[in-house]
Structure formats: C-alpha cells, structure tokens
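Chemist: Got input_4.pdb for you, PDB, C-alpha atoms:
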ATOM      1  CA  MET A  15     110.538 110.883 126.521
ATOM      2  CA  GLU A  16     108.912 112.861 129.296
ATOM      3  CA  VAL A  17     111.137 115.889 128.761
ATOM      4  CA  ALA A  18     110.072 116.125 125.118
ATOM      5  CA  GLU A  19     106.430 116.165 126.171
ATOM      6  CA  SER A  20     107.088 118.983 128.666
ATOM      7  CA  MET A  21     109.447 121.104 126.618
ATOM      8  CA  ASP A  22     107.330 124.228 127.042
ATOM      9  CA  GLU A  23     107.694 123.994 130.817
ATOM     10  CA  LEU A  24     111.490 124.035 130.731
ATOM     11  CA  GLU A  25     112.887 127.486 130.125
ATOM     12  CA  ALA A  26     116.310 126.310 129.055
ATOM     13  CA  THR A  27     118.344 125.359 126.041
ATOM     14  CA  VAL A  28     117.816 121.599 125.714
ATOM     15  CA  ALA A  29     119.996 119.133 123.828
ATOM     16  CA  CYS A  30     119.753 115.371 123.661
ATOM     17  CA  ILE A  31     122.854 113.172 123.501
ATOM     18  CA  THR A  32     123.012 109.515 122.564
ATOM     19  CA  PHE A  33     125.885 107.101 122.106
ATOM     20  CA  ALA A  34     124.350 105.846 118.865
ATOM     21  CA  GLU A  35     126.268 106.295 115.637
ATOM     22  CA  PRO A  36     125.626 109.773 114.154
ATOM     23  CA  ARG A  37     124.257 108.201 110.917
ATOM     24  CA  LEU A  38     121.238 106.993 112.948
ATOM     25  CA  LEU A  39     120.334 110.409 114.330
ATOM     26  CA  ARG A  40     118.258 111.810 111.479
ATOM     27  CA  GLY A  41     115.928 108.807 111.452
ATOM     28  CA  PHE A  42     115.487 109.064 115.204
ATOM     29  CA  GLU A  43     114.776 112.789 114.962
ATOM     30  CA  ARG A  44     112.015 112.104 112.448
ATOM     31  CA  LYS A  45     110.573 109.170 114.396
ATOM     32  CA  MET A  46     110.428 111.005 117.727
ATOM     33  CA  GLU A  47     109.630 114.473 116.327
ATOM     34  CA  LEU A  48     112.082 115.903 118.826
ATOM     35  CA  PRO A  49     111.625 119.595 119.625
ATOM     36  CA  TYR A  50     115.336 119.970 120.395
ATOM     37  CA  PRO A  51     118.608 118.953 118.719
ATOM     38  CA  ILE A  52     120.181 115.549 119.115
ATOM     39  CA  TYR A  53     123.889 114.749 119.069
ATOM     40  CA  GLY A  54     125.875 111.532 118.926
ATOM     41  CA  ASP A  55     128.674 110.509 121.260
ATOM     42  CA  PRO A  56     129.576 107.051 119.903
ATOM     43  CA  GLU A  57     132.867 106.980 121.823
ATOM     44  CA  ARG A  58     130.922 107.821 124.994
ATOM     45  CA  ALA A  59     133.518 110.404 125.993
ATOM     46  CA  ALA A  60     130.852 112.662 127.487
ATOM     47  CA  TYR A  61     129.168 109.708 129.221
ATOM     48  CA  ARG A  62     132.496 108.918 130.883
ATOM     49  CA  ALA A  63     133.221 112.574 131.634
ATOM     50  CA  PHE A  64     129.972 112.891 133.589
ATOM     51  CA  GLY A  65     130.310 109.446 135.184
ATOM     52  CA  PHE A  66     127.283 107.733 133.659
ATOM     53  CA  PRO A  67     127.869 104.017 134.345
ATOM     54  CA  ARG A  68     126.728 100.751 132.822
ATOM     55  CA  ALA A  69     124.229  98.767 134.881
ATOM     56  CA  SER A  70     124.151  95.046 135.579
ATOM     57  CA  ASN A  71     122.007  92.724 133.475
ATOM     58  CA  ALA A  72     119.808  92.056 136.508
ATOM     59  CA  ARG A  73     119.188  95.786 137.099
ATOM     60  CA  VAL A  74     118.236  96.342 133.452
ATOM     61  CA  TRP A  75     116.171  93.230 132.734
ATOM     62  CA  LEU A  76     114.845  91.839 136.009
ATOM     63  CA  ASP A  77     114.177  94.812 138.275
ATOM     64  CA  PRO A  78     110.434  95.328 138.964
ATOM     65  CA  ARG A  79     110.866  99.115 138.655
ATOM     66  CA  VAL A  80     112.022  98.669 135.062
ATOM     67  CA  LEU A  81     109.185  96.293 134.240
ATOM     68  CA  ARG A  82     106.651  98.760 135.662
ATOM     69  CA  ARG A  83     108.165 101.569 133.608
ATOM     70  CA  TYR A  84     108.021  99.586 130.355
ATOM     71  CA  ALA A  85     104.428  98.547 131.090
ATOM     72  CA  SER A  86     103.533 102.198 131.622
ATOM     73  CA  LEU A  87     105.120 103.180 128.305
ATOM     74  CA  LEU A  88     103.305 100.408 126.449
ATOM     75  CA  LEU A  89      99.998 101.537 127.939
ATOM     76  CA  ARG A  90     100.740 105.048 126.650
ATOM     77  CA  GLY A  91     101.199 103.695 123.148
ATOM     78  CA  ARG A  92     104.987 103.580 122.959
ATOM     79  CA  ARG A  93     106.386 100.598 121.081
ATOM     80  CA  PRO A  94     110.027  99.541 121.452
ATOM     81  CA  GLY A  95     112.197  98.430 118.600
ATOM     82  CA  GLY A  96     113.279  99.702 115.230
ATOM     83  CA  ALA A  97     116.774 100.614 116.308
ATOM     84  CA  PRO A  98     119.852  98.490 115.650
ATOM     85  CA  ARG A  99     121.305  96.512 118.527
ATOM     86  CA  GLN A 100     122.899  98.820 121.052
ATOM     87  CA  ASP A 101     124.438  98.534 124.490
ATOM     88  CA  GLU A 102     121.358  97.991 126.658
ATOM     89  CA  LEU A 103     123.354  98.311 129.874
ATOM     90  CA  GLN A 104     124.634 101.844 129.364
ATOM     91  CA  LEU A 105     122.775 104.234 131.631
ATOM     92  CA  GLY A 106     122.050 107.887 130.920
ATOM     93  CA  GLY A 107     121.566 110.943 133.011
ATOM     94  CA  ASP A 108     120.870 114.645 132.970
ATOM     95  CA  VAL A 109     123.174 117.634 133.270
ATOM     96  CA  VAL A 110     122.304 121.280 133.778
ATOM     97  CA  LEU A 111     124.892 123.893 132.797
ATOM     98  CA  ASP A 112     124.748 127.486 133.912
ATOM     99  CA  GLY A 113     125.200 130.419 131.570
ATOM    100  CA  GLU A 114     128.948 130.399 132.152
ATOM    101  CA  GLY A 115     129.369 126.820 130.962
ATOM    102  CA  ARG A 116     129.797 125.385 134.437
ATOM    103  CA  VAL A 117     128.112 122.223 135.687
ATOM    104  CA  ALA A 118     125.214 123.312 137.901
ATOM    105  CA  TRP A 119     123.744 119.839 138.497
ATOM    106  CA  VAL A 120     124.306 116.210 137.474
ATOM    107  CA  TYR A 121     121.808 113.363 137.793
ATOM    108  CA  ARG A 122     123.203 109.883 137.185
ATOM    109  CA  SER A 123     120.476 107.335 136.511
ATOM    110  CA  LYS A 124     120.651 104.252 138.699
ATOM    111  CA  GLY A 125     118.569 102.166 136.303
ATOM    112  CA  PRO A 126     116.727 102.409 132.973
ATOM    113  CA  GLU A 127     113.580 103.830 134.581
ATOM    114  CA  ASP A 128     115.393 106.255 136.863
ATOM    115  CA  ARG A 129     115.119 109.801 135.495
ATOM    116  CA  PRO A 130     114.463 113.066 137.321
ATOM    117  CA  SER A 131     110.950 114.454 137.170
ATOM    118  CA  VAL A 132     110.191 117.441 134.978
ATOM    119  CA  GLU A 133     109.377 119.330 138.181
ATOM    120  CA  ARG A 134     112.846 118.626 139.563
ATOM    121  CA  LEU A 135     114.442 119.665 136.273
ATOM    122  CA  ARG A 136     112.523 122.924 136.382
ATOM    123  CA  GLU A 137     113.813 123.563 139.920
ATOM    124  CA  VAL A 138     117.467 122.992 139.095
ATOM    125  CA  ILE A 139     117.224 125.024 135.889
ATOM    126  CA  ASP A 140     115.787 127.932 137.887
ATOM    127  CA  GLU A 141     118.561 127.519 140.487
ATOM    128  CA  ALA A 142     121.219 127.525 137.756
ATOM    129  CA  LYS A 143     119.854 130.759 136.339
ATOM    130  CA  ALA A 144     119.651 132.392 139.772
ATOM    131  CA  GLY A 145     123.171 131.235 140.679
ATOM    132  CA  ALA A 146     124.648 132.621 137.490
ATOM    133  CA  ARG A 147     122.913 135.954 138.037
ATOM    134  CA  ALA A 148     124.221 136.156 141.626
ATOM    135  CA  ALA A 149     127.840 135.338 140.646
TER     136      ALA A 149
ATOM    137  CA  MET B   9     137.150 111.852 138.315
ATOM    138  CA  PRO B  10     133.789 112.703 136.718
ATOM    139  CA  LEU B  11     132.714 116.284 136.270
ATOM    140  CA  GLU B  12     130.815 117.633 139.264
ATOM    141  CA  THR B  13     128.889 120.741 140.224
ATOM    142  CA  GLY B  14     131.000 123.849 139.725
ATOM    143  CA  ASP B  15     133.330 122.298 137.146
ATOM    144  CA  ARG B  16     133.660 124.032 133.798
ATOM    145  CA  ILE B  17     132.924 121.950 130.696
ATOM    146  CA  PRO B  18     136.246 121.247 128.961
ATOM    147  CA  ASP B  19     136.381 122.691 125.450
ATOM    148  CA  GLU B  20     137.537 119.358 124.046
ATOM    149  CA  LEU B  21     134.395 117.560 125.245
ATOM    150  CA  ALA B  22     132.269 117.309 122.104
ATOM    151  CA  ALA B  23     129.493 115.404 120.359
ATOM    152  CA  VAL B  24     128.571 114.991 116.704
ATOM    153  CA  ASP B  25     125.476 116.502 115.099
ATOM    154  CA  PRO B  26     123.359 114.633 112.503
ATOM    155  CA  ALA B  27     125.363 116.277 109.704
ATOM    156  CA  GLY B  28     128.557 114.790 111.120
ATOM    157  CA  GLU B  29     129.908 118.071 112.498
ATOM    158  CA  ARG B  30     131.772 117.977 115.787
ATOM    159  CA  VAL B  31     130.144 120.315 118.324
ATOM    160  CA  PRO B  32     131.844 121.166 121.648
ATOM    161  CA  LEU B  33     129.324 120.770 124.462
ATOM    162  CA  SER B  34     130.504 124.094 125.857
ATOM    163  CA  ARG B  35     128.997 125.709 122.761
ATOM    164  CA  LEU B  36     125.492 124.436 123.653
ATOM    165  CA  ARG B  37     125.042 127.284 126.034
ATOM    166  CA  GLY B  38     122.022 129.310 127.050
ATOM    167  CA  GLU B  39     121.126 131.074 130.280
ATOM    168  CA  ALA B  40     120.724 127.480 131.457
ATOM    169  CA  THR B  41     121.276 124.347 129.388
ATOM    170  CA  LEU B  42     119.832 120.885 129.977
ATOM    171  CA  LEU B  43     121.779 118.011 128.459
ATOM    172  CA  VAL B  44     119.697 114.816 128.349
ATOM    173  CA  PHE B  45     121.891 111.738 127.975
ATOM    174  CA  LEU B  46     119.838 108.865 126.587
ATOM    175  CA  ARG B  47     120.346 105.182 127.269
ATOM    176  CA  HIS B  48     119.844 104.120 123.670
ATOM    177  CA  LEU B  49     117.701 104.869 120.670
ATOM    178  CA  GLY B  50     114.516 102.942 120.197
TER     179      GLY B  50
END
Take the structure I supplied and represent it as structure tokens, if you would.
Modeler:
Amino acid sequence: MEVAESMDELEATVACITFAEPRLLRGFERKMELPYPIYGDPERAAYRAFGFPRASNARVWLDPRVLRRYASLLLRGRRPGGAPRQDELQLGGDVVLDGEGRVAWVYRSKGPEDRPSVERLREVIDEAKAGARAA
Amino acid sequence: MPLETGDRIPDELAAVDPAGERVPLSRLRGEATLLVFLRHLG
C-alpha cells in the first residue's frame, strides 16, 4: 500500500476501511504493520454511500494496466494470497474529509490499479485544511 | 445519490473496529482526514 509507505508525508488523520469481516482485521493489521487504524464495513454501506462500484471481470483480470501493476508489486516483493475468498470485483477509493466532517474530495477507482498518487493526496489534504480555515 | 464534495458525513454511516465496536465515520475527524477504502485484504 503506497499510502502506508508514505504516511509521514501525509499530515492528516488516516483510516483504512475494508469490506472484509471484522474478525479478519487483526491478522491483517499484523501482516501489513499498518501505521493507521483499520475498520471493517462488511455490509459495504460506506462503499455505497461514496459510490464505489464493482468492476467487470474483464477490467479486473484482463486489463494490461492491472497486469502491469501486479507485476510491479511482485518485483517489489509483495506476494498475494493468505486472505479468504473475497469479492475481487469491488473497487475502492479515497475520501478526504475536512475538519468539519464534510467531504472535501472523493476519488473513485476505475480499476484495481487506479489509485491517486501520494502527491495528489497531499495536495487535496492541504486544500481541505485551507478550505476549513477560510470557512 | 453518492456523497459528493461539500456533503456532511451522516452520523449513521459507520464501520466496525477490530474489537467489534461500531465507529461512526464522522468521529474519525482531524484537521483533515483521509479515508482509504481498500478493494480487499490480501
């Protein structure tokens, strides 16, 4: 997870949300050594609330962008597996909230490899802080 | 309609922490808060 590797660069409260069953979270926390808390949303209520869709099988399994991303992760030493079968088609995304609890920015992934850069996250986090101060 | 920029997080929108406690997302609040929604674990 690129965000986890760049945590120090992001001056924000960070939380990770997964649709996995909550009983799986502690093992994942240990495995990934996450520097921020993780929460479960097995009913995917928050995924629906922010409009994170499911992708097609072709977009998830056959798209060259996905294959390149997985190859890159393998070259960096990441190994898939170890988790129970989950919905492989559900896409994620990123949300930035301002200090008043309002949505400052939403990024809806278009495919498994599609995530905003850490640089872009830093920009929108700074904008959210500036916007809240100006309000 | 999905939540968009400017919308306030509804208090009833919540997730569950590893201890099984329900946590409203509106409570995960700092000067700015980044919520990273994963595809799946693994």
Chemist: Run the PyMOL selection byres ((chain B and resi 15) around 9) mentally over the shown coordinates, then write out the matched residues as a short mmCIF file (atom, residue, chain, number, x, y, z; two decimals) with C-alpha atoms, in the coordinates of the input, using the chain letters and numbers from the document.
Modeler:
data_model
loop_
_atom_site.label_atom_id
_atom_site.label_comp_id
_atom_site.auth_asym_id
_atom_site.auth_seq_id
_atom_site.Cartn_x
_atom_site.Cartn_y
_atom_site.Cartn_z
CA GLY A 115 129.37 126.82 130.96
CA ARG A 116 129.80 125.38 134.44
CA VAL A 117 128.11 122.22 135.69
CA ALA A 118 125.21 123.31 137.90
CA LEU B 11 132.71 116.28 136.27
CA GLU B 12 130.82 117.63 139.26
CA THR B 13 128.89 120.74 140.22
CA GLY B 14 131.00 123.85 139.72
CA ARG B 16 133.66 124.03 133.80
CA ILE B 17 132.92 121.95 130.70
CA PRO B 18 136.25 121.25 128.96
#
Chemist: I'd like the neighbourhood of Pro10 in chain B as a ChimeraX atom specification, where a residue qualifies if any of its atoms comes within 8 Å (using all atoms listed in the file), though same-chain residues fewer than 5 positions away should be ignored.
Modeler: /A:62-65
Chemist: Which residues are near Ala29 in chain A? Cut-off 8 Å, all atoms listed in the file, ignore same chain within fewer than 6 positions. Put them as a PyMOL selection string.
Modeler: (chain A and resi 50-53) or (chain B and resi 36+41-44)
Chemist: With only C-alpha atoms as the basis for distance, which of A:Met46, A:Leu81, A:Val110, A:Val138 is at the shortest distance from chain B?
Modeler: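 Looking at the shortest contact to chain B, the residue is A:Val110.
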Chemist: May I have the residues of chain A within 6 Å of chain B, counting all atoms listed in the file, written as an NGL selection string?
Modeler: :A and (26-32 or 36 or 39-40 or 53-55 or 63-65 or 94-95 or 97 or 104-113 or 115-119 or 143)
Chemist: Hey, can you check how far CA of Glu43 in chain A sits from CA of Arg129 in chain A?
Modeler: 20.8 Å
Chemist: I'd like the interatomic distance between CA of Leu135 in chain A and CA of Tyr121 in chain A, to a tenth of an Å.
Modeler: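 Pair CA of Leu135 in chain A / CA of Tyr121 in chain A returns 9.8 Å.
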Chemist: By how many Å are CA of Ala59 in chain A and CA of Ala142 in chain A apart?
Modeler: 24.1 Å
Chemist: Report, as lines of an AutoDock Vina configuration file, the centre and edge lengths in Å (one decimal) of the axis-aligned box enclosing every listed atom of range 133-136 of chain A, padded by 8 Å on each side.
Modeler:
center_x = 111.9
center_y = 120.8
center_z = 137.9
size_x = 21.1
size_y = 20.3
size_z = 19.3
Chemist: Give me, as a list in words, all polymer residues having an atom no more than 12 Å from Ala72 in chain A, counting only C-alpha atoms and skipping those fewer than 3 positions away in the same chain.
Modeler: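 Result of the neighbour search: Arg68, Ala69, Trp75, Leu76, Asp77, Pro78, Arg79, Val80, Leu81, Glu102, Leu103, Gly125 and Pro126 of chain A.
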